[in-house]
file work_24.cif (mmCIF, C-alpha atoms)
data_coords
loop_
_atom_site.group_PDB
_atom_site.id
_atom_site.type_symbol
_atom_site.label_atom_id
_atom_site.label_comp_id
_atom_site.auth_asym_id
_atom_site.auth_seq_id
_atom_site.Cartn_x
_atom_site.Cartn_y
_atom_site.Cartn_z
ATOM 1 C CA MET A 1 30.675 -9.205 -9.688
ATOM 2 C CA THR A 2 27.636 -11.420 -9.506
ATOM 3 C CA GLY A 3 24.514 -10.487 -7.601
ATOM 4 C CA PRO A 4 23.138 -12.508 -4.712
ATOM 5 C CA SER A 5 21.547 -15.810 -5.644
ATOM 6 C CA GLY A 6 19.787 -18.670 -3.924
ATOM 7 C CA VAL A 7 19.239 -18.816 -0.174
ATOM 8 C CA GLY A 8 21.473 -16.776 2.125
ATOM 9 C CA ILE A 9 21.634 -15.746 5.755
ATOM 10 C CA GLY A 10 22.416 -12.573 7.639
ATOM 11 C CA TRP A 11 26.010 -12.771 8.862
ATOM 12 C CA ARG A 12 26.374 -11.945 12.550
ATOM 13 C CA PRO A 13 29.467 -12.508 14.727
ATOM 14 C CA GLU A 14 27.415 -14.695 17.090
ATOM 15 C CA ILE A 15 26.681 -17.236 14.332
ATOM 16 C CA ALA A 16 29.820 -16.790 12.208
ATOM 17 C CA GLY A 17 30.921 -20.357 12.883
ATOM 18 C CA PHE A 18 27.546 -21.767 11.863
ATOM 19 C CA VAL A 19 27.501 -19.694 8.673
ATOM 20 C CA ALA A 20 31.039 -20.749 7.768
ATOM 21 C CA GLU A 21 29.991 -24.412 7.821
ATOM 22 C CA LEU A 22 27.054 -24.094 5.391
ATOM 23 C CA PRO A 23 28.360 -26.013 2.364
ATOM 24 C CA GLY A 24 26.011 -24.610 -0.299
ATOM 25 C CA LEU A 25 26.031 -20.983 0.830
ATOM 26 C CA ARG A 26 26.436 -18.454 -1.997
ATOM 27 C CA PHE A 27 25.628 -15.137 -0.321
ATOM 28 C CA VAL A 28 25.299 -13.377 3.013
ATOM 29 C CA GLU A 29 24.302 -9.914 4.134
ATOM 30 C CA VAL A 30 26.234 -7.959 6.751
ATOM 31 C CA VAL A 31 25.256 -4.834 8.682
ATOM 32 C CA ALA A 32 27.385 -2.199 6.974
ATOM 33 C CA GLU A 33 27.958 -0.132 10.096
ATOM 34 C CA GLY A 34 29.552 -3.149 11.755
ATOM 35 C CA VAL A 35 32.290 -3.429 9.110
ATOM 36 C CA PRO A 36 35.304 -1.114 9.386
ATOM 37 C CA ALA A 37 36.142 1.089 6.414
ATOM 38 C CA SER A 38 39.828 0.234 6.875
ATOM 39 C CA GLY A 39 41.952 -2.188 8.837
ATOM 40 C CA PRO A 40 41.332 -5.923 9.254
ATOM 41 C CA LEU A 41 37.947 -7.333 8.308
ATOM 42 C CA PRO A 42 36.189 -9.688 10.717
ATOM 43 C CA PRO A 43 37.848 -13.075 10.097
ATOM 44 C CA GLY A 44 34.558 -14.762 9.256
ATOM 45 C CA LEU A 45 33.898 -12.334 6.412
ATOM 46 C CA THR A 46 37.398 -12.805 5.042
ATOM 47 C CA GLN A 47 36.872 -16.562 4.974
ATOM 48 C CA LEU A 48 33.572 -16.170 3.137
ATOM 49 C CA ARG A 49 35.152 -13.900 0.548
ATOM 50 C CA ASP A 50 37.904 -16.503 0.069
ATOM 51 C CA ARG A 51 35.117 -18.993 -0.743
ATOM 52 C CA ALA A 52 33.639 -16.566 -3.331
ATOM 53 C CA VAL A 53 30.536 -16.072 -1.190
ATOM 54 C CA THR A 54 28.830 -12.801 -2.166
ATOM 55 C CA VAL A 55 28.624 -10.347 0.746
ATOM 56 C CA VAL A 56 26.030 -7.558 0.571
ATOM 57 C CA PRO A 57 26.441 -4.583 2.961
ATOM 58 C CA HIS A 58 23.106 -3.612 4.512
ATOM 59 C CA GLY A 59 22.951 -0.091 5.935
ATOM 60 C CA VAL A 60 20.770 0.874 8.884
ATOM 61 C CA ARG A 61 21.788 4.474 9.637
ATOM 62 C CA LEU A 62 21.739 6.531 6.447
ATOM 63 C CA SER A 63 18.251 7.883 7.224
ATOM 64 C CA LEU A 64 17.274 8.078 3.558
ATOM 65 C CA GLY A 65 13.791 9.238 4.517
ATOM 66 C CA GLY A 66 14.952 12.126 6.674
ATOM 67 C CA ALA A 67 14.142 15.705 5.785
ATOM 68 C CA GLU A 68 17.823 16.538 6.204
ATOM 69 C CA PRO A 69 20.424 15.533 3.589
ATOM 70 C CA VAL A 70 22.175 12.248 4.227
ATOM 71 C CA ASP A 71 25.428 12.520 6.153
ATOM 72 C CA PRO A 72 28.281 12.364 3.590
ATOM 73 C CA ALA A 73 30.498 10.518 6.068
ATOM 74 C CA ARG A 74 27.936 7.740 6.441
ATOM 75 C CA VAL A 75 27.579 7.425 2.675
ATOM 76 C CA ALA A 76 31.370 7.343 2.335
ATOM 77 C CA HIS A 77 31.556 4.526 4.893
ATOM 78 C CA LEU A 78 28.938 2.484 3.038
ATOM 79 C CA ALA A 79 30.808 3.046 -0.228
ATOM 80 C CA ALA A 80 34.118 1.986 1.330
ATOM 81 C CA VAL A 81 32.601 -1.177 2.807
ATOM 82 C CA ALA A 82 31.081 -2.076 -0.568
ATOM 83 C CA GLN A 83 34.491 -1.771 -2.206
ATOM 84 C CA ARG A 84 36.271 -3.720 0.534
ATOM 85 C CA LEU A 85 33.816 -6.585 0.237
ATOM 86 C CA ASP A 86 33.683 -6.474 -3.579
ATOM 87 C CA ALA A 87 29.915 -6.244 -3.168
ATOM 88 C CA PRO A 88 27.656 -6.230 -6.250
ATOM 89 C CA LEU A 89 25.196 -3.892 -4.517
ATOM 90 C CA VAL A 90 24.314 -2.327 -1.179
ATOM 91 C CA SER A 91 20.958 -1.968 0.533
ATOM 92 C CA GLU A 92 19.289 0.481 2.917
ATOM 93 C CA HIS A 93 15.862 1.293 4.307
ATOM 94 C CA ILE A 94 13.115 3.645 3.256
ATOM 95 C CA ALA A 95 12.928 5.134 6.731
ATOM 96 C CA PHE A 96 14.393 7.835 8.923
ATOM 97 C CA VAL A 97 16.499 7.401 12.039
ATOM 98 C CA ARG A 98 17.333 10.996 12.981
ATOM 99 C CA ALA A 99 15.827 14.474 12.972
ATOM 100 C CA GLY A 100 17.013 17.773 14.351
ATOM 101 C CA GLY A 101 20.311 16.223 15.359
ATOM 102 C CA LEU A 102 18.666 13.531 17.493
ATOM 103 C CA GLU A 103 19.233 9.822 16.857
ATOM 104 C CA ALA A 104 16.175 7.630 17.325
ATOM 105 C CA GLY A 105 18.082 4.358 17.424
ATOM 106 C CA HIS A 106 15.267 2.753 15.418
ATOM 107 C CA LEU A 107 14.020 2.656 11.852
ATOM 108 C CA LEU A 108 10.977 4.942 11.781
ATOM 109 C CA PRO A 109 8.235 4.875 9.126
ATOM 110 C CA LEU A 110 7.556 7.756 6.759
ATOM 111 C CA PRO A 111 4.225 9.266 5.888
ATOM 112 C CA ARG A 112 3.345 8.113 2.389
ATOM 113 C CA SER A 113 3.201 11.673 1.117
ATOM 114 C CA ARG A 114 4.604 13.318 -2.000
ATOM 115 C CA GLU A 115 6.851 15.419 0.231
ATOM 116 C CA ALA A 116 8.297 12.225 1.700
ATOM 117 C CA VAL A 117 8.796 10.799 -1.789
ATOM 118 C CA ASP A 118 10.804 13.902 -2.691
ATOM 119 C CA ALA A 119 12.924 13.606 0.462
ATOM 120 C CA VAL A 120 13.726 9.937 -0.154
ATOM 121 C CA CYS A 121 14.515 10.481 -3.829
ATOM 122 C CA ASN A 122 16.805 13.419 -3.080
ATOM 123 C CA ASN A 123 18.724 11.450 -0.471
ATOM 124 C CA VAL A 124 18.943 8.343 -2.628
ATOM 125 C CA ALA A 125 20.371 10.490 -5.435
ATOM 126 C CA ARG A 126 22.970 11.919 -3.040
ATOM 127 C CA ALA A 127 23.950 8.405 -1.988
ATOM 128 C CA GLN A 128 24.003 7.043 -5.542
ATOM 129 C CA ALA A 129 26.417 9.787 -6.575
ATOM 130 C CA GLU A 130 29.024 8.390 -4.146
ATOM 131 C CA LEU A 131 28.311 4.665 -4.168
ATOM 132 C CA PRO A 132 30.338 2.409 -6.472
ATOM 133 C CA VAL A 133 27.460 -0.069 -6.900
ATOM 134 C CA PRO A 134 23.652 -0.005 -7.205
ATOM 135 C CA ILE A 135 21.468 0.394 -4.120
ATOM 136 C CA ALA A 136 18.401 -1.663 -3.188
ATOM 137 C CA LEU A 137 15.764 0.020 -1.018
ATOM 138 C CA GLU A 138 13.863 -1.835 1.700
ATOM 139 C CA PRO A 139 10.429 -0.753 2.998
ATOM 140 C CA ILE A 140 10.138 -1.318 6.741
ATOM 141 C CA ALA A 141 7.497 -2.866 8.972
ATOM 142 C CA ALA A 142 5.303 -0.239 10.633
ATOM 143 C CA LEU A 143 2.766 -0.453 13.425
ATOM 144 C CA LEU A 144 0.931 2.674 12.248
ATOM 145 C CA ASP A 145 -0.045 4.732 9.229
ATOM 146 C CA TRP A 146 0.476 8.482 9.308
ATOM 147 C CA PRO A 147 -2.739 10.557 9.102
ATOM 148 C CA ASP A 148 -1.341 12.576 6.169
ATOM 149 C CA ASP A 149 -0.754 9.584 3.871
ATOM 150 C CA GLU A 150 -1.480 10.525 0.262
ATOM 151 C CA LEU A 151 -0.345 7.371 -1.543
ATOM 152 C CA THR A 152 -0.907 3.657 -1.200
ATOM 153 C CA GLU A 153 2.114 1.633 -0.136
ATOM 154 C CA ALA A 154 2.524 0.212 -3.647
ATOM 155 C CA ASP A 155 2.289 3.621 -5.330
ATOM 156 C CA PHE A 156 4.683 5.155 -2.778
ATOM 157 C CA LEU A 157 7.319 2.477 -3.377
ATOM 158 C CA THR A 158 6.885 2.379 -7.132
ATOM 159 C CA GLU A 159 7.268 6.144 -7.496
ATOM 160 C CA ILE A 160 10.482 6.100 -5.457
ATOM 161 C CA LEU A 161 11.905 3.210 -7.490
ATOM 162 C CA ASP A 162 10.926 4.797 -10.807
ATOM 163 C CA ARG A 163 12.400 8.186 -9.947
ATOM 164 C CA THR A 164 15.661 6.849 -8.509
ATOM 165 C CA GLY A 165 16.255 3.792 -10.659
ATOM 166 C CA ALA A 166 17.033 1.905 -7.456
ATOM 167 C CA LEU A 167 16.403 -1.778 -6.932
ATOM 168 C CA LEU A 168 13.919 -3.184 -4.404
ATOM 169 C CA LEU A 169 14.818 -5.214 -1.331
ATOM 170 C CA LEU A 170 11.469 -6.821 -0.595
ATOM 171 C CA ASP A 171 11.077 -7.954 3.002
ATOM 172 C CA VAL A 172 8.420 -10.666 2.916
ATOM 173 C CA ALA A 173 8.118 -10.608 6.709
ATOM 174 C CA ASN A 174 7.435 -6.857 6.574
ATOM 175 C CA VAL A 175 4.737 -7.400 3.956
ATOM 176 C CA HIS A 176 3.125 -9.938 6.268
ATOM 177 C CA ALA A 177 3.474 -7.719 9.339
ATOM 178 C CA ASN A 178 2.063 -4.608 7.680
ATOM 179 C CA ALA A 179 -0.889 -6.478 6.189
ATOM 180 C CA ARG A 180 -1.621 -8.228 9.492
ATOM 181 C CA ASN A 181 -1.530 -5.010 11.491
ATOM 182 C CA ARG A 182 -3.609 -3.035 8.974
ATOM 183 C CA GLY A 183 -6.121 -5.779 8.231
ATOM 184 C CA ALA A 184 -5.033 -5.800 4.585
ATOM 185 C CA ASP A 185 -4.315 -8.504 2.028
ATOM 186 C CA PRO A 186 -0.569 -9.069 1.550
ATOM 187 C CA LEU A 187 -1.154 -10.616 -1.884
ATOM 188 C CA ALA A 188 -2.795 -7.409 -3.064
ATOM 189 C CA LEU A 189 0.457 -5.562 -2.363
ATOM 190 C CA LEU A 190 2.555 -8.186 -4.161
ATOM 191 C CA ASP A 191 0.309 -7.881 -7.185
ATOM 192 C CA ARG A 192 0.950 -4.132 -7.409
ATOM 193 C CA LEU A 193 4.693 -4.047 -6.811
ATOM 194 C CA PRO A 194 7.300 -4.044 -9.623
ATOM 195 C CA LEU A 195 8.602 -7.499 -8.741
ATOM 196 C CA GLU A 196 11.015 -7.389 -11.670
ATOM 197 C CA ARG A 197 12.981 -4.782 -9.690
ATOM 198 C CA VAL A 198 13.573 -7.065 -6.679
ATOM 199 C CA ALA A 199 17.304 -7.610 -6.105
ATOM 200 C CA TYR A 200 16.705 -10.025 -3.260
ATOM 201 C CA ALA A 201 14.200 -10.630 -0.473
ATOM 202 C CA HIS A 202 14.336 -10.815 3.309
ATOM 203 C CA VAL A 203 12.539 -13.423 5.397
ATOM 204 C CA ALA A 204 12.382 -13.262 9.198
ATOM 205 C CA GLY A 205 10.376 -14.362 12.191
ATOM 206 C CA GLY A 206 8.106 -12.349 14.433
ATOM 207 C CA ALA A 207 5.580 -12.623 17.228
ATOM 208 C CA GLU A 208 2.206 -11.313 18.334
ATOM 209 C CA HIS A 209 2.232 -8.871 21.248
ATOM 210 C CA GLY A 210 -0.546 -6.563 22.413
ATOM 211 C CA GLY A 211 -2.707 -7.216 19.390
ATOM 212 C CA PHE A 212 0.075 -6.397 16.908
ATOM 213 C CA TYR A 213 2.453 -8.579 14.937
ATOM 214 C CA HIS A 214 6.030 -7.472 15.610
ATOM 215 C CA ASP A 215 8.790 -8.206 13.110
ATOM 216 C CA THR A 216 11.282 -9.208 15.796
ATOM 217 C CA HIS A 217 13.987 -11.087 13.851
ATOM 218 C CA THR A 218 14.396 -13.138 17.041
ATOM 219 C CA ASP A 219 11.578 -15.655 16.571
ATOM 220 C CA PRO A 220 11.084 -18.580 14.163
ATOM 221 C CA VAL A 221 9.704 -17.793 10.708
ATOM 222 C CA PRO A 222 5.949 -18.460 10.906
ATOM 223 C CA THR A 223 4.114 -20.635 8.425
ATOM 224 C CA ALA A 224 2.204 -17.628 7.078
ATOM 225 C CA VAL A 225 5.466 -15.944 6.034
ATOM 226 C CA LEU A 226 6.733 -19.110 4.322
ATOM 227 C CA GLU A 227 3.419 -19.340 2.478
ATOM 228 C CA LEU A 228 3.854 -15.738 1.396
ATOM 229 C CA VAL A 229 7.319 -16.620 0.078
ATOM 230 C CA GLY A 230 5.678 -19.307 -2.038
ATOM 231 C CA ALA A 231 3.088 -16.834 -3.296
ATOM 232 C CA LEU A 232 5.818 -14.350 -4.192
ATOM 233 C CA CYS A 233 7.822 -16.970 -6.058
ATOM 234 C CA ALA A 234 4.720 -18.107 -7.950
ATOM 235 C CA ARG A 235 4.384 -14.537 -9.251
ATOM 236 C CA ARG A 236 8.074 -13.849 -9.864
ATOM 237 C CA ARG A 237 10.824 -15.571 -7.931
ATOM 238 C CA PRO A 238 13.487 -13.132 -6.742
ATOM 239 C CA PRO A 239 17.117 -13.980 -7.503
ATOM 240 C CA ALA A 240 17.829 -14.596 -3.827
ATOM 241 C CA LEU A 241 16.201 -14.879 -0.404
ATOM 242 C CA LEU A 242 17.907 -14.160 2.894
ATOM 243 C CA LEU A 243 17.051 -15.404 6.367
ATOM 244 C CA GLU A 244 17.439 -12.656 8.978
ATOM 245 C CA ARG A 245 18.105 -13.582 12.588
ATOM 246 C CA ASP A 246 19.318 -10.914 15.002
ATOM 247 C CA GLY A 247 19.169 -12.530 18.414
ATOM 248 C CA HIS A 248 17.885 -15.419 20.546
ATOM 249 C CA TYR A 249 19.804 -17.719 18.221
ATOM 250 C CA PRO A 250 18.424 -21.261 18.311
ATOM 251 C CA PRO A 251 20.513 -24.432 18.116
ATOM 252 C CA ALA A 252 22.217 -25.046 14.786
ATOM 253 C CA ALA A 253 19.751 -27.766 13.847
ATOM 254 C CA GLU A 254 16.849 -25.322 14.125
ATOM 255 C CA LEU A 255 18.614 -22.709 12.002
ATOM 256 C CA ARG A 256 19.349 -25.339 9.372
ATOM 257 C CA ALA A 257 15.688 -26.365 9.401
ATOM 258 C CA GLU A 258 14.629 -22.745 8.824
ATOM 259 C CA LEU A 259 17.032 -22.426 5.904
ATOM 260 C CA ASP A 260 15.756 -25.701 4.471
ATOM 261 C CA ALA A 261 12.145 -24.564 4.832
ATOM 262 C CA LEU A 262 12.956 -21.310 3.051
ATOM 263 C CA ALA A 263 14.683 -23.156 0.210
ATOM 264 C CA SER A 264 11.738 -25.517 -0.101
ATOM 265 C CA ALA A 265 9.168 -22.696 -0.159
ATOM 266 C CA ALA A 266 11.114 -20.871 -2.890
ATOM 267 C CA GLY A 267 12.223 -23.864 -4.925
ATOM 268 C CA PHE A 268 15.920 -23.087 -4.383
ATOM 269 C CA PRO A 269 18.659 -25.651 -3.675
ATOM 270 C CA ALA A 270 19.351 -26.278 0.006
ATOM 271 C CA VAL A 271 22.478 -24.618 1.385
ATOM 272 C CA THR A 272 22.770 -26.842 4.471
#
call {"tool": "encode", "arguments": {"input": "work_24.cif", "output": "structure tokens"}}
result
Amino acid sequence: MTGPSGVGIGWRPEIAGFVAELPGLRFVEVVAEGVPASGPLPPGLTQLRDRAVTVVPHGVRLSLGGAEPVDPARVAHLAAVAQRLDAPLVSEHIAFVRAGGLEAGHLLPLPRSREAVDAVCNNVARAQAELPVPIALEPIAALLDWPDDELTEADFLTEILDRTGALLLLDVANVHANARNRGADPLALLDRLPLERVAYAHVAGGAEHGGFYHDTHTDPVPTAVLELVGALCARRRPPALLLERDGHYPPAAELRAELDALASAAGFPAVT
């Protein structure tokens, strides 16, 4: 199995036809919970696998940052999907989505505390024990910092990666959003992260609302995020970059232009 490489795109049923027609495509990412653990795969994914396109399952509901142990059934599903897709790795978020039996329906940020580090590491270890492939962990975009933060974002992430041995899924749009909303320098974070641990990177669009930058995944990728991609690649280019789009899909020509802009910013071959 080879890891993701070059420029990819998030596979969604709504744009499956568009994705299938990208001649240079080498990898996609699919929401793991949307892939059945048994039975027929979505036809578009089967066609991509027949073309030797790498498919990475991306989980959104493990709740690795929850105080409660991860649900074994959810881990088992992620493991089964990874095997079905012959995936080289899986990815999930450093976040929580449930507590006390209640589902939030959203990825929620953790306090950057040592207690939270312990919770994430324990749950990652539980998941790693059942997964057939490595896991890459993605920090999320957050509109707030918890008052009981004890660690900087870089130290929080680095400690989790060091203790678990996990890879990093670096979301460049999240780096931009968090720095914009906190009045911080995104380059300062890049300079303190273990970029050699990046398995691949996300890039997505967002929009300003109510004085905050929201990582919407439904808007065009702004110039500032593309510039941050260039800054990341100047430091250490990740093996692969993936365009995320989760709604308000533009015409095919606009999606191709976004993929081309991402390839240009990173110095990767065009996939269009």
call {"tool": "atom_distance", "arguments": {"input": "work_24.cif", "atom1": "atom CA of A:Val124", "atom2": "atom CA of A:Pro57"}}
result
16.0 Å
call {"tool": "residues_around", "arguments": {"input": "work_24.cif", "residues": "A:Arg180", "least_positions_apart": "5", "cutoff": "9 Å", "atoms": "all atoms listed in the file", "output": "VMD selection string"}}
result
chain A and resid 175 185 to 186 212 to 213
call {"tool": "write_last_selection", "arguments": {"input": "work_24.cif", "atoms": "C-alpha atoms", "output": "PDB file, in the coordinates of the input"}}
result
ATOM      1  CA  VAL A 175       4.737  -7.400   3.956  1.00  0.00           C
ATOM      2  CA  ASP A 185      -4.315  -8.504   2.028  1.00  0.00           C
ATOM      3  CA  PRO A 186      -0.569  -9.069   1.550  1.00  0.00           C
ATOM      4  CA  PHE A 212       0.075  -6.397  16.908  1.00  0.00           C
ATOM      5  CA  TYR A 213       2.453  -8.579  14.937  1.00  0.00           C
TER       6      TYR A 213
END
call {"tool": "resolve_selection", "arguments": {"input": "work_24.cif", "expression": "the PyMOL selection byres ((chain A and resi 235) around 12)", "output": "tab-separated table (two decimals) with C-alpha atoms, keeping the file's coordinate frame"}}
result
chain	number	residue	atom	x	y	z
A	187	LEU	CA	-1.15	-10.62	-1.88
A	188	ALA	CA	-2.80	-7.41	-3.06
A	189	LEU	CA	0.46	-5.56	-2.36
A	190	LEU	CA	2.56	-8.19	-4.16
A	191	ASP	CA	0.31	-7.88	-7.18
A	192	ARG	CA	0.95	-4.13	-7.41
A	193	LEU	CA	4.69	-4.05	-6.81
A	194	PRO	CA	7.30	-4.04	-9.62
A	195	LEU	CA	8.60	-7.50	-8.74
A	196	GLU	CA	11.02	-7.39	-11.67
A	228	LEU	CA	3.85	-15.74	1.40
A	229	VAL	CA	7.32	-16.62	0.08
A	230	GLY	CA	5.68	-19.31	-2.04
A	231	ALA	CA	3.09	-16.83	-3.30
A	232	LEU	CA	5.82	-14.35	-4.19
A	233	CYS	CA	7.82	-16.97	-6.06
A	234	ALA	CA	4.72	-18.11	-7.95
A	236	ARG	CA	8.07	-13.85	-9.86
A	237	ARG	CA	10.82	-15.57	-7.93
A	238	PRO	CA	13.49	-13.13	-6.74
A	266	ALA	CA	11.11	-20.87	-2.89
call {"tool": "atom_distance", "arguments": {"input": "work_24.cif", "atom1": "atom CA of A:Gly6", "atom2": "atom CA of A:Phe268"}}
result
5.9 Å
call {"tool": "residues_around", "arguments": {"input": "work_24.cif", "residues": "A:Leu137", "least_positions_apart": "6", "cutoff": "8 Å", "atoms": "all atoms listed in the file", "output": "list in words"}}
result
Ser91, Glu92, His93, Ile94, Ala166, Leu167, Leu168 and Leu169 of chain A
call {"tool": "write_last_selection", "arguments": {"input": "work_24.cif", "atoms": "C-alpha atoms", "output": "PDB file, in the coordinates of the input"}}
result
ATOM      1  CA  SER A  91      20.958  -1.968   0.533  1.00  0.00           C
ATOM      2  CA  GLU A  92      19.289   0.481   2.917  1.00  0.00           C
ATOM      3  CA  HIS A  93      15.862   1.293   4.307  1.00  0.00           C
ATOM      4  CA  ILE A  94      13.115   3.645   3.256  1.00  0.00           C
ATOM      5  CA  ALA A 166      17.033   1.905  -7.456  1.00  0.00           C
ATOM      6  CA  LEU A 167      16.403  -1.778  -6.932  1.00  0.00           C
ATOM      7  CA  LEU A 168      13.919  -3.184  -4.404  1.00  0.00           C
ATOM      8  CA  LEU A 169      14.818  -5.214  -1.331  1.00  0.00           C
TER       9      LEU A 169
END
call {"tool": "closest_residue", "arguments": {"input": "work_24.cif", "among": "A:Ala261, A:Val28, A:Val133, A:Leu48", "to": "A:Ala240", "atoms": "all atoms listed in the file"}}
result
A:Val28
call {"tool": "residues_around", "arguments": {"input": "work_24.cif", "residues": "A:Phe27", "least_positions_apart": "3", "cutoff": "10 Å", "atoms": "all atoms listed in the file", "output": "PDB file with C-alpha atoms, in the coordinates of the input"}}
result
ATOM      1  CA  GLY A   3      24.514 -10.487  -7.601  1.00  0.00           C
ATOM      2  CA  PRO A   4      23.138 -12.508  -4.712  1.00  0.00           C
ATOM      3  CA  SER A   5      21.547 -15.810  -5.644  1.00  0.00           C
ATOM      4  CA  GLY A   6      19.787 -18.670  -3.924  1.00  0.00           C
ATOM      5  CA  VAL A   7      19.239 -18.816  -0.174  1.00  0.00           C
ATOM      6  CA  GLY A   8      21.473 -16.776   2.125  1.00  0.00           C
ATOM      7  CA  ILE A   9      21.634 -15.746   5.755  1.00  0.00           C
ATOM      8  CA  GLY A  10      22.416 -12.573   7.639  1.00  0.00           C
ATOM      9  CA  TRP A  11      26.010 -12.771   8.862  1.00  0.00           C
ATOM     10  CA  GLY A  24      26.011 -24.610  -0.299  1.00  0.00           C
ATOM     11  CA  LEU A  48      33.572 -16.170   3.137  1.00  0.00           C
ATOM     12  CA  ARG A  49      35.152 -13.900   0.548  1.00  0.00           C
ATOM     13  CA  ALA A  52      33.639 -16.566  -3.331  1.00  0.00           C
ATOM     14  CA  VAL A  53      30.536 -16.072  -1.190  1.00  0.00           C
ATOM     15  CA  THR A  54      28.830 -12.801  -2.166  1.00  0.00           C
ATOM     16  CA  VAL A  55      28.624 -10.347   0.746  1.00  0.00           C
ATOM     17  CA  VAL A  56      26.030  -7.558   0.571  1.00  0.00           C
ATOM     18  CA  ALA A 240      17.829 -14.596  -3.827  1.00  0.00           C
ATOM     19  CA  LEU A 241      16.201 -14.879  -0.404  1.00  0.00           C
ATOM     20  CA  LEU A 242      17.907 -14.160   2.894  1.00  0.00           C
TER      21      LEU A 242
END
call {"tool": "closest_residue", "arguments": {"input": "work_24.cif", "among": "A:Ala270, A:Gly66, A:Leu78, A:Ala141", "to": "A:Gly34", "atoms": "all atoms listed in the file"}}
result
A:Leu78
